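Colleague: Please see the structure below; I have some questions.
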Amino acid sequence: MSQKQELEALQKALAAEHAAVYGYGVVGGRIGEGRRAEAKAAYDAHRARRDALVRAVRGLGGTPVAAAAAYALPFPVPDPAAAVRLAADLEDRVAGVYSDVVRASRGERRSTAAEALREAAVRAVRWRGESVAFPGLAERATTVSPASPASDSSAAPRA
């Protein structure tokens with residue numbers, strides 16, 4: 001893969017992390033007390049990944065994609081059950097973009113992306129209570145809708 005393809009994959013992962021950070025803000029506001037610590041840990045993990053991706057994009061000479069002011073959610077989140085579904089959906093979306101980074105990268109960056117994919121898949125299982133055979137693969141695109149921001153159709157979840 002070329003450096004341009006790697007940079008594009010990193011930018012998409014960064015956009016997905018921006019959306020996940022936003023989404024976990026919603027999750028945190030609706031999640032039940034019993035899972036609040038889990039939501040906070042996921043929020044912190046996505047912030048850390050986002051910050052690392054900013055550095056990686058800059059390291060390849062790119063200008064990191066900025067977060068949108070707001071993101072459309074894939075469904076209403078009025079209660080703790082919907083917050084859990086949103087958290088699982090966010091993790092599925094993040095796993096998908098990290099699978100693209102794995103394909104586009106080599107060496108340490110590829111290992112880091114594979115670890116991020118694994119972490120997102122594990123969090124999705126914890127939220128959902130069940131797993132999928134191959135998290136992050138494009139073949140699952142029929143069950144996971146594409147992420148898109150409220151003002152731009154490329155970075156956050158929407159209905």
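If you're wondering about the labels, chains in the structure tokens are A, B, ... by order shown, residues count from 1 in each chain, ligands from 1 in order shown.
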Would you list the contacts of Ile31 (chain A) as a list in words, taking every protein, DNA or RNA residue within 8 Å and counting only C-alpha atoms, but skipping same-chain residues closer than 4 positions in sequence?
Modeller: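 Listing them by chain and then by number gives Val27, Arg35, Arg36, Ala39, Asp79, Pro80, Ala81, Ala83 and Val84 of chain A.
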Colleague: Produce a file of the selected residues containing all heavy atoms, as a PDB file, in the first residue's frame.
Modeller:
ATOM      1  N   VAL A  27     -23.746   8.190  25.217  1.00  0.00           N
ATOM      2  CA  VAL A  27     -23.866   6.949  25.996  1.00  0.00           C
ATOM      3  C   VAL A  27     -23.733   7.258  27.482  1.00  0.00           C
ATOM      4  O   VAL A  27     -24.549   6.821  28.302  1.00  0.00           O
ATOM      5  CB  VAL A  27     -22.799   5.911  25.563  1.00  0.00           C
ATOM      6  CG1 VAL A  27     -22.740   4.738  26.531  1.00  0.00           C
ATOM      7  CG2 VAL A  27     -23.086   5.416  24.142  1.00  0.00           C
ATOM      8  N   ARG A  35     -23.181   0.427  34.494  1.00  0.00           N
ATOM      9  CA  ARG A  35     -22.251   0.332  33.361  1.00  0.00           C
ATOM     10  C   ARG A  35     -21.541   1.651  33.072  1.00  0.00           C
ATOM     11  O   ARG A  35     -20.851   1.796  32.072  1.00  0.00           O
ATOM     12  CB  ARG A  35     -22.994  -0.165  32.119  1.00  0.00           C
ATOM     13  CG  ARG A  35     -23.545  -1.576  32.360  1.00  0.00           C
ATOM     14  CD  ARG A  35     -23.956  -2.269  31.129  1.00  0.00           C
ATOM     15  NE  ARG A  35     -22.811  -2.877  30.464  1.00  0.00           N
ATOM     16  CZ  ARG A  35     -22.922  -3.583  29.343  1.00  0.00           C
ATOM     17  NH1 ARG A  35     -24.097  -3.752  28.785  1.00  0.00           N
ATOM     18  NH2 ARG A  35     -21.854  -4.098  28.783  1.00  0.00           N
ATOM     19  N   ARG A  36     -21.727   2.612  33.970  1.00  0.00           N
ATOM     20  CA  ARG A  36     -21.123   3.926  33.751  1.00  0.00           C
ATOM     21  C   ARG A  36     -19.595   3.863  33.703  1.00  0.00           C
ATOM     22  O   ARG A  36     -18.971   4.507  32.855  1.00  0.00           O
ATOM     23  CB  ARG A  36     -21.593   4.890  34.832  1.00  0.00           C
ATOM     24  CG  ARG A  36     -21.214   6.330  34.491  1.00  0.00           C
ATOM     25  CD  ARG A  36     -22.057   7.354  35.191  1.00  0.00           C
ATOM     26  NE  ARG A  36     -23.399   7.338  34.607  1.00  0.00           N
ATOM     27  CZ  ARG A  36     -24.507   7.465  35.317  1.00  0.00           C
ATOM     28  NH1 ARG A  36     -24.449   7.620  36.617  1.00  0.00           N
ATOM     29  NH2 ARG A  36     -25.684   7.451  34.734  1.00  0.00           N
ATOM     30  N   ALA A  39     -18.513   2.628  30.323  1.00  0.00           N
ATOM     31  CA  ALA A  39     -18.664   3.671  29.310  1.00  0.00           C
ATOM     32  C   ALA A  39     -17.539   4.696  29.423  1.00  0.00           C
ATOM     33  O   ALA A  39     -16.983   5.136  28.405  1.00  0.00           O
ATOM     34  CB  ALA A  39     -20.025   4.351  29.442  1.00  0.00           C
ATOM     35  N   ASP A  79     -32.813   5.969  26.625  1.00  0.00           N
ATOM     36  CA  ASP A  79     -32.730   5.198  27.858  1.00  0.00           C
ATOM     37  C   ASP A  79     -31.459   4.347  27.889  1.00  0.00           C
ATOM     38  O   ASP A  79     -30.718   4.292  26.900  1.00  0.00           O
ATOM     39  CB  ASP A  79     -33.977   4.313  28.005  1.00  0.00           C
ATOM     40  CG  ASP A  79     -34.184   3.390  26.810  1.00  0.00           C
ATOM     41  OD1 ASP A  79     -33.200   2.915  26.210  1.00  0.00           O
ATOM     42  OD2 ASP A  79     -35.355   3.130  26.469  1.00  0.00           O
ATOM     43  N   PRO A  80     -31.188   3.688  29.029  1.00  0.00           N
ATOM     44  CA  PRO A  80     -29.976   2.868  29.148  1.00  0.00           C
ATOM     45  C   PRO A  80     -29.873   1.741  28.114  1.00  0.00           C
ATOM     46  O   PRO A  80     -28.779   1.457  27.620  1.00  0.00           O
ATOM     47  CB  PRO A  80     -30.057   2.312  30.569  1.00  0.00           C
ATOM     48  CG  PRO A  80     -30.831   3.340  31.322  1.00  0.00           C
ATOM     49  CD  PRO A  80     -31.861   3.837  30.335  1.00  0.00           C
ATOM     50  N   ALA A  81     -30.975   1.113  27.759  1.00  0.00           N
ATOM     51  CA  ALA A  81     -30.915   0.023  26.769  1.00  0.00           C
ATOM     52  C   ALA A  81     -30.457   0.549  25.407  1.00  0.00           C
ATOM     53  O   ALA A  81     -29.627  -0.080  24.730  1.00  0.00           O
ATOM     54  CB  ALA A  81     -32.276  -0.661  26.650  1.00  0.00           C
ATOM     55  N   ALA A  83     -28.652   3.215  24.989  1.00  0.00           N
ATOM     56  CA  ALA A  83     -27.256   3.620  25.164  1.00  0.00           C
ATOM     57  C   ALA A  83     -26.325   2.428  24.970  1.00  0.00           C
ATOM     58  O   ALA A  83     -25.263   2.555  24.349  1.00  0.00           O
ATOM     59  CB  ALA A  83     -27.055   4.248  26.544  1.00  0.00           C
ATOM     60  N   VAL A  84     -26.717   1.272  25.473  1.00  0.00           N
ATOM     61  CA  VAL A  84     -25.915   0.058  25.293  1.00  0.00           C
ATOM     62  C   VAL A  84     -25.846  -0.311  23.810  1.00  0.00           C
ATOM     63  O   VAL A  84     -24.782  -0.638  23.285  1.00  0.00           O
ATOM     64  CB  VAL A  84     -26.479  -1.110  26.142  1.00  0.00           C
ATOM     65  CG1 VAL A  84     -25.867  -2.437  25.740  1.00  0.00           C
ATOM     66  CG2 VAL A  84     -26.250  -0.835  27.623  1.00  0.00           C
TER      67      VAL A  84
END
Colleague: Would you mind writing down, as a PyMOL selection string, each residue of chain A that DSSP on the backbone assigns to alpha helix (DSSP H)?
Modeller: chain A and resi 3-30+36-59+80-104+107-128
Colleague: Name all residues at most 12 Å from Val77 (chain A) (count only C-alpha atoms; drop same-chain ones fewer than 2 positions away) and give them as a ChimeraX atom specification.
Modeller: /A:23-31,72-75,79-87,158-159
Colleague: Write the residues of the preceding selection, restricted to C-alpha atoms, as a PDB file, in the first residue's frame.
Modeller:
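Saved file selection-v9.pdb follows:
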ATOM      1  CA  GLY A  23     -21.180   9.053  20.749  1.00  0.00           C
ATOM      2  CA  TYR A  24     -19.790   7.980  24.088  1.00  0.00           C
ATOM      3  CA  GLY A  25     -20.727  11.406  25.427  1.00  0.00           C
ATOM      4  CA  VAL A  26     -24.319  10.470  24.612  1.00  0.00           C
ATOM      5  CA  VAL A  27     -23.866   6.949  25.996  1.00  0.00           C
ATOM      6  CA  GLY A  28     -22.487   8.352  29.243  1.00  0.00           C
ATOM      7  CA  GLY A  29     -25.505  10.594  29.654  1.00  0.00           C
ATOM      8  CA  ARG A  30     -27.981   7.736  29.246  1.00  0.00           C
ATOM      9  CA  ILE A  31     -26.226   4.614  30.503  1.00  0.00           C
ATOM     10  CA  ALA A  72     -26.404  12.393  13.864  1.00  0.00           C
ATOM     11  CA  LEU A  73     -27.000   9.234  15.848  1.00  0.00           C
ATOM     12  CA  PRO A  74     -28.158   6.037  14.111  1.00  0.00           C
ATOM     13  CA  PHE A  75     -31.270   5.880  16.325  1.00  0.00           C
ATOM     14  CA  ASP A  79     -32.730   5.198  27.858  1.00  0.00           C
ATOM     15  CA  PRO A  80     -29.976   2.868  29.148  1.00  0.00           C
ATOM     16  CA  ALA A  81     -30.915   0.023  26.769  1.00  0.00           C
ATOM     17  CA  ALA A  82     -30.544   2.298  23.747  1.00  0.00           C
ATOM     18  CA  ALA A  83     -27.256   3.620  25.164  1.00  0.00           C
ATOM     19  CA  VAL A  84     -25.915   0.058  25.293  1.00  0.00           C
ATOM     20  CA  ARG A  85     -26.988  -0.516  21.669  1.00  0.00           C
ATOM     21  CA  LEU A  86     -25.294   2.735  20.642  1.00  0.00           C
ATOM     22  CA  ALA A  87     -22.066   1.749  22.388  1.00  0.00           C
ATOM     23  CA  ARG A 158     -26.729   8.336  11.730  1.00  0.00           C
ATOM     24  CA  ALA A 159     -30.079   6.694  11.174  1.00  0.00           C
TER      25      ALA A 159
END
Colleague: Compile the contact shell of Gly62 (chain A) as a PyMOL selection string: residues with an atom at most 12 Å away, counting only C-alpha atoms, same-chain residues fewer than 6 positions apart removed.
Modeller: chain A and resi 3-11+14+53-56
Colleague: Report, in Å with one decimal, the straight-line distance from CA of Arg58 (chain A) to CA of Gly96 (chain A).
Modeller: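 Taking CA of Arg58 (chain A) as the start and CA of Gly96 (chain A) as the end point, the length is 22.2 Å.
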Colleague: Name all residues at most 9 Å from Val21 (chain A) (count only C-alpha atoms; drop same-chain ones fewer than 5 positions away) and give them as a PyMOL selection string.
Modeller: chain A and resi 16+42-44+46-47+50
Colleague: Using only C-alpha atoms, can you tell me which of A:Glu17, A:Asp92, A:Asp51, A:Glu38 comes closest to Arg118 (chain A)?
Modeller: A:Asp92
Colleague: Between CA of Arg110 (chain A) and CA of Pro64 (chain A), what distance in Å does the model show, to one decimal?
Modeller: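 Computing the Euclidean distance for CA of Arg110 (chain A) and CA of Pro64 (chain A) yields 18.7 Å.
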Colleague: Could you tell me which of A:Tyr22, A:Pro78, A:Glu91, A:Gly32 comes closest to Val122 (chain A) if we count only C-alpha atoms?
Modeller: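 Residue with the minimum atom-to-atom distance to Val122 (chain A): A:Glu91.
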Colleague: Could you please determine the separation between CA of Lys12 (chain A) and CA of Val101 (chain A) in Å, to one decimal place?
Modeller: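 For CA of Lys12 (chain A) relative to CA of Val101 (chain A), the distance reads 8.7 Å.
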Colleague: Find the residue from A:Ala41, A:Val94, A:Ala20, A:Ala15 that sits nearest to Val57 (chain A); use only C-alpha atoms when measuring.
Modeller: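 Distance minimum relative to Val57 (chain A) lands on A:Ala15.
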